[in-house]
Amino acid sequence: MNLWQKETICPLCPYGCGLGIEMRRGFFPKINYTGPLCARGNAIPHILFSPQRLYSPRWQGKEISWENGLFEAKKLIRGFPSERVAIGFDGSLTREERLAVKNLGKALGIKYIAQFELENFTSYLVEGIKIATKKDLAESEVILVIGDLFSRFPLFAHLLLDAKYNKKAKIFGFDYFPNRLSWFADEFFICSPGKEVDLVKKGEEKVFSLFTQAKRGLLILDAPPGKFFDPFGLHLACQIFLSRIQGERYYLPVSQRVGDKGTTASGEVWERLKGGEVSLFLFFGEHLPVGFPFPEYSILFIPWRINFGKEKFLLLPIPHQVEREGKILTFWGETFKNGLLPYSGTKDLREIIGEVAKDLGDQPPAEMRGDFPRMTKKEAERLLTMGEEMEPNGEGFYIFNDEKAIEFGGFFASGDYLKISPEDARSLGVKEGEWLSLDSEKGANPIRLRVKIKEGLSSGWALVSLSHPEVRKLFPVSIDSRIKEIILKPIRVRIWKEE
Ligand code: SF4
């Protein structure tokens, strides 16, 4: 018997695929397909019904009632002056929820409100740059793709294949190694790591000159944190390159998640937390960078049951982003997403915020509109020339994050692999499937990872997965001094074969 069924949009990446979820008595939830879904989309029933879901408030490691949970939340907020309190949220929130969080901060007089979304480092748009829609993709004569778009967003394939084979568009690719796009791109361009910003800035290579000649062109940038040396610089370089050429030019930075931020840069709040200037941290969402510097007390409005080993955490359960309703930003513009029946025991985020705000502070002010942060072309050019480049010195390996997996749940692969080039496998004396040890320069405990040999990867470079908890710890969170936002940079390690 059907208990409920609903059509919605998958919010797990900005591609925004449509899907239906059906719940039948005595059965695991079933996906009703309206089109293809990637592995993440297909995992939605497992995510929603994961044993890690938080189904009741928890305080100091023990379950408590909602009434007591809200009482403790208000008591904690009242207990600290507003300048000792900071708020964080992530890109999983809908537009309405982000506004509610900001309104709560404003009503309580909390100045430090930041968005912690590592995929959102490319939010800044240079004036005059047009973000592509699906229609622009279909109508472009030339499409230049920077990065390994197909590995991260396999569902993009049909759009690009349609553009190439049915619309006769020319497709060019650009990456550190011949990625999957190279199999059918008209021209594929391999650039040396660390040189990409300069190349795009100068736009001298053949693919750039072909792109320049087209009447209508689209540039897609997929630069996840940890892969490119300077993703922020690359993002600006792409926009400046586009703004310098004539004709219809569109841009699609696919790592972009949401269009608005908090009132403070994430790096600034991070520094205050590390410096002990915050006593209470309120977090709304699902993802936080590993090693987050929690202060003494935190109130986490999250869907997951987590044991941080900290006594002074108050956890309040909210529905998962798949279940929540509201406006979300996809590649194809802002769209309204239906909600699903929320997980038992959770409460709507805006309802909780309303209850917390009711007895505290002033009435929330009128709606604050979120929008893309804009910068002038001049500001962007200035930032770009300040970019610093790192060079490998040949002594060790640089490891890059190979995927997006910075979340509390950790549902996907164990990520115990290390992808290296055939040349490096030979010099290290290892074969596919054998084990290598790795440590960072800080002398952390060695990690053992299984070798995957990847053709085309540059020697001295290795790809790892942030799904692996020990690998995650290797990546320090750094703060980009120019934008004051958090970024994950490639890091240098030692790799060896145990005898
Ligand atoms: S491509 Fe993105 S939106 Fe589509 S199913 Fe996968 S995670 Fe969801």
# chains A, B, ... in the order shown; residues from 1 in each chain; ligands from 1

call {"tool": "residues_around", "arguments": {"residues": "Leu76 of chain A", "least_positions_apart": "2", "cutoff": "12 Å", "atoms": "only C-alpha atoms", "output": "PyMOL selection string"}}
result
chain A and resi 59+69-74+78-82+84-85+279-282+296-299+312-314+356+360

call {"tool": "residues_near_ligand", "arguments": {"ligand": "ligand 1", "cutoff": "10 Å", "atoms": "only C-alpha atoms and all ligand atoms", "output": "number ranges by chain"}}
result
A: 9-19, 35-44, 152-156, 322, 330-331

call {"tool": "select_by_dssp", "arguments": {"residues": "segment 186-324 of chain A", "states": "helix (DSSP H, G or I)", "output": "MDAnalysis selection string"}}
result
chainID A and resid 196:202 206:213 231:244 266:274

call {"tool": "closest_residue", "arguments": {"among": "A:Leu457, A:Ala237, A:Val101, A:Ala114", "to": "Asp175 of chain A", "atoms": "only C-alpha atoms"}}
result
A:Leu457

call {"tool": "residues_around", "arguments": {"residues": "Cys238 of chain A", "least_positions_apart": "3", "cutoff": "8 Å", "atoms": "only C-alpha atoms", "output": "list in words"}}
result
Val200, Lys201, Leu219, Leu221, Leu234, His235, Phe241 and Leu242 of chain A

call {"tool": "write_last_selection", "arguments": {"atoms": "N, CA, C and O atoms", "output": "PDB file, in the first residue's frame"}}
result
ATOM      1  N   VAL A 200      44.818  30.996 -19.162  1.00  0.00           N
ATOM      2  CA  VAL A 200      43.492  31.561 -19.434  1.00  0.00           C
ATOM      3  C   VAL A 200      43.606  33.078 -19.554  1.00  0.00           C
ATOM      4  O   VAL A 200      42.987  33.695 -20.415  1.00  0.00           O
ATOM      5  N   LYS A 201      44.434  33.664 -18.686  1.00  0.00           N
ATOM      6  CA  LYS A 201      44.602  35.124 -18.716  1.00  0.00           C
ATOM      7  C   LYS A 201      45.096  35.576 -20.084  1.00  0.00           C
ATOM      8  O   LYS A 201      44.602  36.506 -20.680  1.00  0.00           O
ATOM      9  N   LEU A 219      31.766  28.989 -21.824  1.00  0.00           N
ATOM     10  CA  LEU A 219      32.911  28.477 -21.072  1.00  0.00           C
ATOM     11  C   LEU A 219      32.378  27.844 -19.790  1.00  0.00           C
ATOM     12  O   LEU A 219      31.683  28.501 -19.008  1.00  0.00           O
ATOM     13  N   LEU A 221      33.395  26.076 -16.276  1.00  0.00           N
ATOM     14  CA  LEU A 221      34.527  25.864 -15.364  1.00  0.00           C
ATOM     15  C   LEU A 221      34.092  24.919 -14.252  1.00  0.00           C
ATOM     16  O   LEU A 221      33.141  25.192 -13.522  1.00  0.00           O
ATOM     17  N   LEU A 234      41.455  31.225 -11.123  1.00  0.00           N
ATOM     18  CA  LEU A 234      41.018  30.656 -12.392  1.00  0.00           C
ATOM     19  C   LEU A 234      39.609  31.156 -12.737  1.00  0.00           C
ATOM     20  O   LEU A 234      39.306  31.489 -13.888  1.00  0.00           O
ATOM     21  N   HIS A 235      38.780  31.213 -11.726  1.00  0.00           N
ATOM     22  CA  HIS A 235      37.403  31.699 -11.894  1.00  0.00           C
ATOM     23  C   HIS A 235      37.415  33.152 -12.395  1.00  0.00           C
ATOM     24  O   HIS A 235      36.691  33.516 -13.327  1.00  0.00           O
ATOM     25  N   PHE A 241      38.777  36.793 -19.305  1.00  0.00           N
ATOM     26  CA  PHE A 241      38.978  36.325 -20.683  1.00  0.00           C
ATOM     27  C   PHE A 241      37.684  36.523 -21.486  1.00  0.00           C
ATOM     28  O   PHE A 241      37.693  37.070 -22.588  1.00  0.00           O
ATOM     29  N   LEU A 242      36.559  36.107 -20.900  1.00  0.00           N
ATOM     30  CA  LEU A 242      35.279  36.228 -21.612  1.00  0.00           C
ATOM     31  C   LEU A 242      34.901  37.686 -21.856  1.00  0.00           C
ATOM     32  O   LEU A 242      34.378  38.035 -22.908  1.00  0.00           O
TER      33      LEU A 242
END

call {"tool": "residues_around", "arguments": {"residues": "segment 338-352 of chain A", "least_positions_apart": "4", "cutoff": "8 Å", "atoms": "only C-alpha atoms", "output": "ChimeraX atom specification"}}
result
/A:6-9,48,54-56,97,100,301,303,316-320,322-326,356

call {"tool": "residues_around", "arguments": {"residues": "Lys452 of chain A", "least_positions_apart": "2", "cutoff": "6 Å", "atoms": "only C-alpha atoms", "output": "PDB file with all heavy atoms, in the first residue's frame"}}
result
ATOM      1  N   LEU A 418      44.768   5.798  -3.807  1.00  0.00           N
ATOM      2  CA  LEU A 418      45.729   6.832  -4.169  1.00  0.00           C
ATOM      3  C   LEU A 418      45.979   6.659  -5.664  1.00  0.00           C
ATOM      4  O   LEU A 418      46.503   5.631  -6.084  1.00  0.00           O
ATOM      5  CB  LEU A 418      47.033   6.604  -3.389  1.00  0.00           C
ATOM      6  CG  LEU A 418      48.149   7.596  -3.618  1.00  0.00           C
ATOM      7  CD1 LEU A 418      47.866   8.893  -2.875  1.00  0.00           C
ATOM      8  CD2 LEU A 418      49.469   7.032  -3.126  1.00  0.00           C
ATOM      9  N   LYS A 419      45.557   7.628  -6.462  1.00  0.00           N
ATOM     10  CA  LYS A 419      45.753   7.495  -7.906  1.00  0.00           C
ATOM     11  C   LYS A 419      47.087   8.133  -8.276  1.00  0.00           C
ATOM     12  O   LYS A 419      47.310   9.313  -7.958  1.00  0.00           O
ATOM     13  CB  LYS A 419      44.615   8.189  -8.663  1.00  0.00           C
ATOM     14  CG  LYS A 419      43.275   7.507  -8.495  1.00  0.00           C
ATOM     15  CD  LYS A 419      42.207   8.227  -9.296  1.00  0.00           C
ATOM     16  CE  LYS A 419      40.830   7.679  -8.970  1.00  0.00           C
ATOM     17  NZ  LYS A 419      39.750   8.519  -9.478  1.00  0.00           N
ATOM     18  N   GLU A 432      48.907  -1.955  -9.594  1.00  0.00           N
ATOM     19  CA  GLU A 432      47.504  -1.656  -9.276  1.00  0.00           C
ATOM     20  C   GLU A 432      47.025  -2.548  -8.123  1.00  0.00           C
ATOM     21  O   GLU A 432      47.272  -3.761  -8.127  1.00  0.00           O
ATOM     22  CB  GLU A 432      46.660  -1.914 -10.539  1.00  0.00           C
ATOM     23  CG  GLU A 432      45.184  -1.723 -10.387  1.00  0.00           C
ATOM     24  CD  GLU A 432      44.716  -0.294 -10.683  1.00  0.00           C
ATOM     25  OE1 GLU A 432      45.500   0.502 -11.235  1.00  0.00           O
ATOM     26  OE2 GLU A 432      43.564   0.007 -10.349  1.00  0.00           O
TER      27      GLU A 432
END

call {"tool": "closest_residue", "arguments": {"among": "A:Arg58, A:Lys473, A:Arg95, A:Arg450", "to": "Gly291 of chain A", "atoms": "only C-alpha atoms"}}
result
A:Lys473

call {"tool": "closest_residue", "arguments": {"among": "A:Gly429, A:Pro178, A:Gly247, A:Pro45", "to": "Glu22 of chain A", "atoms": "only C-alpha atoms"}}
result
A:Pro45

call {"tool": "residues_around", "arguments": {"residues": "Gly262 of chain A", "least_positions_apart": "2", "cutoff": "9 Å", "atoms": "only C-alpha atoms", "output": "MDAnalysis selection string"}}
result
chainID A and resid 87:89 98 102 112:115 260 264:266

call {"tool": "closest_residue", "arguments": {"among": "A:Leu428, A:Ile399, A:Ala223, A:Ile240", "to": "Val471 of chain A", "atoms": "only C-alpha atoms"}}
result
A:Ile399

call {"tool": "closest_atom_pairs", "arguments": {"of": "segment 63-145 of chain A", "to": "segment 203-217 of chain A", "cutoff": "10 Å", "atoms": "only C-alpha atoms", "output": "Markdown table"}}
result
| residue | atom | partner | partner_atom | distance |
| --- | --- | --- | --- | --- |
| A:Ala132 | CA | A:Gly217 | CA | 10.0 |
| A:Asp136 | CA | A:Gly217 | CA | 8.6 |
| A:Leu137 | CA | A:Gly217 | CA | 8.6 |
| A:Glu139 | CA | A:Arg216 | CA | 7.7 |
| A:Ser140 | CA | A:Gly217 | CA | 5.1 |
| A:Glu141 | CA | A:Arg216 | CA | 5.5 |
| A:Val142 | CA | A:Gly217 | CA | 4.8 |
| A:Ile143 | CA | A:Gly217 | CA | 5.8 |
| A:Leu144 | CA | A:Phe211 | CA | 7.4 |

call {"tool": "residues_around", "arguments": {"residues": "segment 165-168 of chain A", "least_positions_apart": "2", "cutoff": "8 Å", "atoms": "only C-alpha atoms", "output": "list in words"}}
result
Ala138, Glu139, Glu141, Leu161, Asp162, Ala163 and Lys170 of chain A

call {"tool": "write_last_selection", "arguments": {"atoms": "all heavy atoms", "output": "compact mmCIF listing (two decimals), in the first residue's frame"}}
result
# COMPACT_ATOMS: atom_id res chain seq x y z
N ALA A 138 22.68 24.74 -25.32
CA ALA A 138 22.22 24.08 -26.55
C ALA A 138 22.54 24.93 -27.78
O ALA A 138 22.69 24.40 -28.88
CB ALA A 138 20.73 23.82 -26.46
N GLU A 139 22.64 26.25 -27.62
CA GLU A 139 22.80 27.12 -28.79
C GLU A 139 24.23 27.58 -29.04
O GLU A 139 24.49 28.31 -29.98
CB GLU A 139 21.90 28.35 -28.63
CG GLU A 139 20.43 27.99 -28.73
CD GLU A 139 19.51 29.16 -28.47
OE1 GLU A 139 20.03 30.26 -28.17
OE2 GLU A 139 18.29 28.96 -28.57
N GLU A 141 28.00 27.70 -30.28
CA GLU A 141 28.76 27.09 -31.39
C GLU A 141 30.03 26.42 -30.88
O GLU A 141 30.51 25.45 -31.43
CB GLU A 141 29.24 28.20 -32.35
CG GLU A 141 28.20 28.77 -33.23
CD GLU A 141 28.75 30.01 -33.91
OE1 GLU A 141 29.96 30.10 -34.16
OE2 GLU A 141 27.94 30.90 -34.17
N LEU A 161 26.92 15.96 -25.48
CA LEU A 161 26.88 15.08 -26.66
C LEU A 161 25.82 15.57 -27.65
O LEU A 161 26.03 15.56 -28.86
CB LEU A 161 26.62 13.63 -26.25
CG LEU A 161 27.76 12.99 -25.45
CD1 LEU A 161 27.35 11.64 -24.90
CD2 LEU A 161 29.02 12.85 -26.31
N ASP A 162 24.71 16.04 -27.11
CA ASP A 162 23.66 16.58 -27.97
C ASP A 162 24.18 17.82 -28.69
O ASP A 162 23.98 17.99 -29.90
CB ASP A 162 22.44 16.93 -27.10
CG ASP A 162 21.29 17.44 -27.93
OD1 ASP A 162 20.89 16.71 -28.85
OD2 ASP A 162 20.81 18.56 -27.68
N ALA A 163 24.89 18.69 -27.94
CA ALA A 163 25.44 19.91 -28.55
C ALA A 163 26.41 19.54 -29.67
O ALA A 163 26.42 20.14 -30.74
CB ALA A 163 26.14 20.76 -27.49
N LYS A 170 31.38 22.82 -31.51
CA LYS A 170 32.75 22.34 -31.30
C LYS A 170 32.99 22.30 -29.79
O LYS A 170 32.64 23.24 -29.08
CB LYS A 170 33.76 23.32 -31.92
CG LYS A 170 33.73 23.33 -33.43
CD LYS A 170 34.99 22.65 -33.95
CE LYS A 170 35.04 22.58 -35.45
NZ LYS A 170 34.31 21.46 -36.02

call {"tool": "select_by_dssp", "arguments": {"residues": "segment 113-164 of chain A", "states": "strand (DSSP E)", "output": "number ranges by chain"}}
result
A: 113-115, 125-126, 130-131, 142-146

call {"tool": "atom_distance", "arguments": {"atom1": "atom CA of Tyr250 of chain A", "atom2": "atom CA of Ile129 of chain A"}}
result
7.1 Å
